[in-house]
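Since the structure comes first, as structure tokens, the remarks are kept for the end.
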Amino acid sequence: QVRLVESGGGLVQAGGSLRLSCAASGPFFSINSMGWYRQTPGKQRELVASITRGIDTNYSDSVKGRFTISTISRDSAKSTVYLQMNTLKPEDTGVYYCNADLRVEVPGTGRFRSLEVWGQGTLVTVSS
């Protein structure tokens with residue numbers, strides 16, 4: 001079973017930094033993209049940053065220039081995505097969810113399909 005395990009959330013003062021990590025493990029063939037989403041009370045979950053094929057990055061306007069997403073793939077069945085968050089602001093507060101779009105084999109067919117997986121979420125609180 002494919003799993004995403006997040007870590008790195010916590011409480012930080014405005015202007016500070018945090019680094020989130022998300023480790024993907026399990027039986028997948030490859031990773032199409034990984035990303036971080038943020039959710040605050042009363043709002044929909046929104047994309048913060050994503051990385052596709054380990055190269056192409058995309059950021060929400062609110063975090064451009066402050067956040068950096070990167071990924072390390074140790075082998076075809078394990079990969080970690082990081083979100084370095086600098087110059088944090090109180091409005092960055094929220095639960096951050098890791099997301100992965102994976103390519104997995106359909107058992108017994110030799111074919112592949114996409115599988116979207118979410119992490120359990122990690123709370124980031126930025127105090128003013």
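Lettering and numbering for the structure tokens are positional, with chains as A, B, ... in the shown order, residues counted from 1 in each chain, and ligands counted from 1 in the shown order.
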As JSON, numbers by chain, please: the residues near Val5 in chain A (cut-off 10 Å, only C-alpha atoms, same-chain neighbours under 3 positions excluded).
{"A": [21, 22, 23, 24, 25, 80, 97, 98, 118, 119, 120, 121, 122]}
Just to be explicit: take each residue in the selection above, keep N, CA and C atoms, and write the result as a PDB file, in the first residue's frame.
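Result saved to out_38.pdb:
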```pdb
ATOM      1  N   SER A  21       8.527  17.849   5.283  1.00  0.00           N
ATOM      2  CA  SER A  21       8.968  16.681   4.526  1.00  0.00           C
ATOM      3  C   SER A  21       7.800  15.742   4.321  1.00  0.00           C
ATOM      4  N   CYS A  22       7.824  15.061   3.205  1.00  0.00           N
ATOM      5  CA  CYS A  22       6.779  14.083   2.914  1.00  0.00           C
ATOM      6  C   CYS A  22       7.442  12.907   2.220  1.00  0.00           C
ATOM      7  N   ALA A  23       7.417  11.763   2.876  1.00  0.00           N
ATOM      8  CA  ALA A  23       8.040  10.566   2.326  1.00  0.00           C
ATOM      9  C   ALA A  23       6.980   9.650   1.731  1.00  0.00           C
ATOM     10  N   ALA A  24       7.164   9.322   0.477  1.00  0.00           N
ATOM     11  CA  ALA A  24       6.272   8.392  -0.211  1.00  0.00           C
ATOM     12  C   ALA A  24       6.939   7.034  -0.278  1.00  0.00           C
ATOM     13  N   SER A  25       6.210   6.020   0.107  1.00  0.00           N
ATOM     14  CA  SER A  25       6.755   4.667   0.039  1.00  0.00           C
ATOM     15  C   SER A  25       5.669   3.692  -0.372  1.00  0.00           C
ATOM     16  N   THR A  80      10.968  11.462  -1.484  1.00  0.00           N
ATOM     17  CA  THR A  80      10.644  12.462  -0.477  1.00  0.00           C
ATOM     18  C   THR A  80      10.533  13.827  -1.132  1.00  0.00           C
ATOM     19  N   TYR A  97      -1.050  19.604   3.595  1.00  0.00           N
ATOM     20  CA  TYR A  97      -1.223  18.218   3.150  1.00  0.00           C
ATOM     21  C   TYR A  97      -0.299  17.935   1.970  1.00  0.00           C
ATOM     22  N   CYS A  98       0.351  16.812   2.036  1.00  0.00           N
ATOM     23  CA  CYS A  98       1.159  16.341   0.928  1.00  0.00           C
ATOM     24  C   CYS A  98       0.274  15.553  -0.035  1.00  0.00           C
ATOM     25  N   TRP A 118      -2.997  11.096  -0.575  1.00  0.00           N
ATOM     26  CA  TRP A 118      -2.859  12.245   0.320  1.00  0.00           C
ATOM     27  C   TRP A 118      -2.195  11.815   1.633  1.00  0.00           C
ATOM     28  N   GLY A 119      -1.436  12.728   2.201  1.00  0.00           N
ATOM     29  CA  GLY A 119      -0.897  12.517   3.527  1.00  0.00           C
ATOM     30  C   GLY A 119      -1.928  12.890   4.580  1.00  0.00           C
ATOM     31  N   GLN A 120      -1.539  12.717   5.842  1.00  0.00           N
ATOM     32  CA  GLN A 120      -2.469  12.936   6.943  1.00  0.00           C
ATOM     33  C   GLN A 120      -2.556  14.412   7.343  1.00  0.00           C
ATOM     34  N   GLY A 121      -1.631  15.216   6.872  1.00  0.00           N
ATOM     35  CA  GLY A 121      -1.634  16.638   7.192  1.00  0.00           C
ATOM     36  C   GLY A 121      -0.727  16.960   8.367  1.00  0.00           C
ATOM     37  N   THR A 122      -0.111  18.132   8.305  1.00  0.00           N
ATOM     38  CA  THR A 122       0.725  18.611   9.402  1.00  0.00           C
ATOM     39  C   THR A 122       0.415  20.086   9.632  1.00  0.00           C
TER      40      THR A 122
END
```
Find the residues around range 51-55 of chain A up to 7 Å (only C-alpha atoms counted), leave out those fewer than 5 positions away in its own chain, and share them as a ChimeraX atom specification.
/A:31-35,69,71
File of the preceding selection, N, CA and C atoms, as a PDB file, in the first residue's frame:
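Okay, result-v2.pdb is ready:
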```pdb
ATOM      1  N   ILE A  31       6.587   8.508 -10.209  1.00  0.00           N
ATOM      2  CA  ILE A  31       5.865   9.653  -9.661  1.00  0.00           C
ATOM      3  C   ILE A  31       5.637  10.673 -10.759  1.00  0.00           C
ATOM      4  N   ASN A  32       4.387  11.006 -10.987  1.00  0.00           N
ATOM      5  CA  ASN A  32       4.102  12.061 -11.958  1.00  0.00           C
ATOM      6  C   ASN A  32       4.340  13.432 -11.340  1.00  0.00           C
ATOM      7  N   SER A  33       3.802  13.635 -10.165  1.00  0.00           N
ATOM      8  CA  SER A  33       3.978  14.911  -9.487  1.00  0.00           C
ATOM      9  C   SER A  33       3.743  14.738  -7.998  1.00  0.00           C
ATOM     10  N   MET A  34       4.299  15.656  -7.244  1.00  0.00           N
ATOM     11  CA  MET A  34       4.048  15.736  -5.805  1.00  0.00           C
ATOM     12  C   MET A  34       3.827  17.191  -5.463  1.00  0.00           C
ATOM     13  N   GLY A  35       3.054  17.422  -4.433  1.00  0.00           N
ATOM     14  CA  GLY A  35       2.764  18.806  -4.091  1.00  0.00           C
ATOM     15  C   GLY A  35       2.325  18.974  -2.661  1.00  0.00           C
ATOM     16  N   ILE A  69      10.049  24.166  -3.272  1.00  0.00           N
ATOM     17  CA  ILE A  69       9.715  22.747  -3.252  1.00  0.00           C
ATOM     18  C   ILE A  69      10.819  21.984  -3.968  1.00  0.00           C
ATOM     19  N   THR A  71      12.549  17.652  -4.428  1.00  0.00           N
ATOM     20  CA  THR A  71      12.287  16.241  -4.220  1.00  0.00           C
ATOM     21  C   THR A  71      13.560  15.429  -4.386  1.00  0.00           C
TER      22      THR A  71
END
```
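The residue that comes closest to Arg66 in chain A, out of A:Gly8, A:Phe112, A:Gly15, A:Val2 and on the basis of only C-alpha atoms, is A:Gly15.
The nearest approach to Ser70 in chain A among the residues A:Val117, A:Lys43, A:Tyr96, A:Leu20, with only C-alpha atoms taken into account, belongs to A:Leu20.
Of the listed residues A:Thr40, A:Ser79, A:Ser17, A:Thr57, the one whose atoms come nearest to Leu4 in chain A is A:Ser79, with distances taken using only C-alpha atoms.
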May I ask for the distance between CA of Val126 in chain A and CA of Leu88 in chain A, given in Å to one decimal place?
6.8 Å
Might you pull out every residue within 8 Å of range 11-14 of chain A, with only C-alpha atoms counted and same-chain residues fewer than 3 positions away left off, and present them as a ChimeraX atom specification?
/A:17-18,87-90,124-128
Create the file for the chosen residues now, containing N, CA, C and O atoms and written as a PDB file, in the first residue's frame.
```
ATOM      1  N   SER A  17      11.372  30.305   9.688  1.00  0.00           N
ATOM      2  CA  SER A  17      11.402  29.281   8.644  1.00  0.00           C
ATOM      3  C   SER A  17      11.000  27.926   9.200  1.00  0.00           C
ATOM      4  O   SER A  17      11.198  27.646  10.395  1.00  0.00           O
ATOM      5  N   LEU A  18      10.467  27.110   8.331  1.00  0.00           N
ATOM      6  CA  LEU A  18      10.168  25.713   8.622  1.00  0.00           C
ATOM      7  C   LEU A  18      10.415  24.913   7.352  1.00  0.00           C
ATOM      8  O   LEU A  18      10.299  25.446   6.242  1.00  0.00           O
ATOM      9  N   THR A  87      10.595  33.240   5.552  1.00  0.00           N
ATOM     10  CA  THR A  87       9.869  34.496   5.752  1.00  0.00           C
ATOM     11  C   THR A  87       8.388  34.227   5.957  1.00  0.00           C
ATOM     12  O   THR A  87       7.513  34.793   5.273  1.00  0.00           O
ATOM     13  N   LEU A  88       8.092  33.366   6.876  1.00  0.00           N
ATOM     14  CA  LEU A  88       6.714  32.951   7.104  1.00  0.00           C
ATOM     15  C   LEU A  88       5.867  34.104   7.626  1.00  0.00           C
ATOM     16  O   LEU A  88       6.349  34.979   8.368  1.00  0.00           O
ATOM     17  N   LYS A  89       4.599  34.084   7.227  1.00  0.00           N
ATOM     18  CA  LYS A  89       3.642  35.105   7.621  1.00  0.00           C
ATOM     19  C   LYS A  89       2.479  34.442   8.359  1.00  0.00           C
ATOM     20  O   LYS A  89       2.203  33.254   8.139  1.00  0.00           O
ATOM     21  N   PRO A  90       1.780  35.175   9.197  1.00  0.00           N
ATOM     22  CA  PRO A  90       0.623  34.586   9.890  1.00  0.00           C
ATOM     23  C   PRO A  90      -0.393  33.975   8.931  1.00  0.00           C
ATOM     24  O   PRO A  90      -1.028  32.959   9.265  1.00  0.00           O
ATOM     25  N   VAL A 124       0.865  23.886  10.596  1.00  0.00           N
ATOM     26  CA  VAL A 124       1.836  24.982  10.647  1.00  0.00           C
ATOM     27  C   VAL A 124       1.136  26.196  11.238  1.00  0.00           C
ATOM     28  O   VAL A 124       0.085  26.619  10.740  1.00  0.00           O
ATOM     29  N   THR A 125       1.698  26.729  12.304  1.00  0.00           N
ATOM     30  CA  THR A 125       1.132  27.915  12.948  1.00  0.00           C
ATOM     31  C   THR A 125       2.193  29.009  12.978  1.00  0.00           C
ATOM     32  O   THR A 125       3.290  28.791  13.512  1.00  0.00           O
ATOM     33  N   VAL A 126       1.861  30.139  12.396  1.00  0.00           N
ATOM     34  CA  VAL A 126       2.792  31.276  12.371  1.00  0.00           C
ATOM     35  C   VAL A 126       2.198  32.379  13.245  1.00  0.00           C
ATOM     36  O   VAL A 126       1.130  32.900  12.958  1.00  0.00           O
ATOM     37  N   SER A 127       2.900  32.711  14.296  1.00  0.00           N
ATOM     38  CA  SER A 127       2.419  33.743  15.205  1.00  0.00           C
ATOM     39  C   SER A 127       2.954  35.112  14.801  1.00  0.00           C
ATOM     40  O   SER A 127       4.064  35.236  14.289  1.00  0.00           O
ATOM     41  N   SER A 128       2.160  36.129  15.073  1.00  0.00           N
ATOM     42  CA  SER A 128       2.568  37.493  14.687  1.00  0.00           C
ATOM     43  C   SER A 128       3.364  38.171  15.789  1.00  0.00           C
ATOM     44  O   SER A 128       3.457  37.684  16.902  1.00  0.00           O
TER      45      SER A 128
END
```
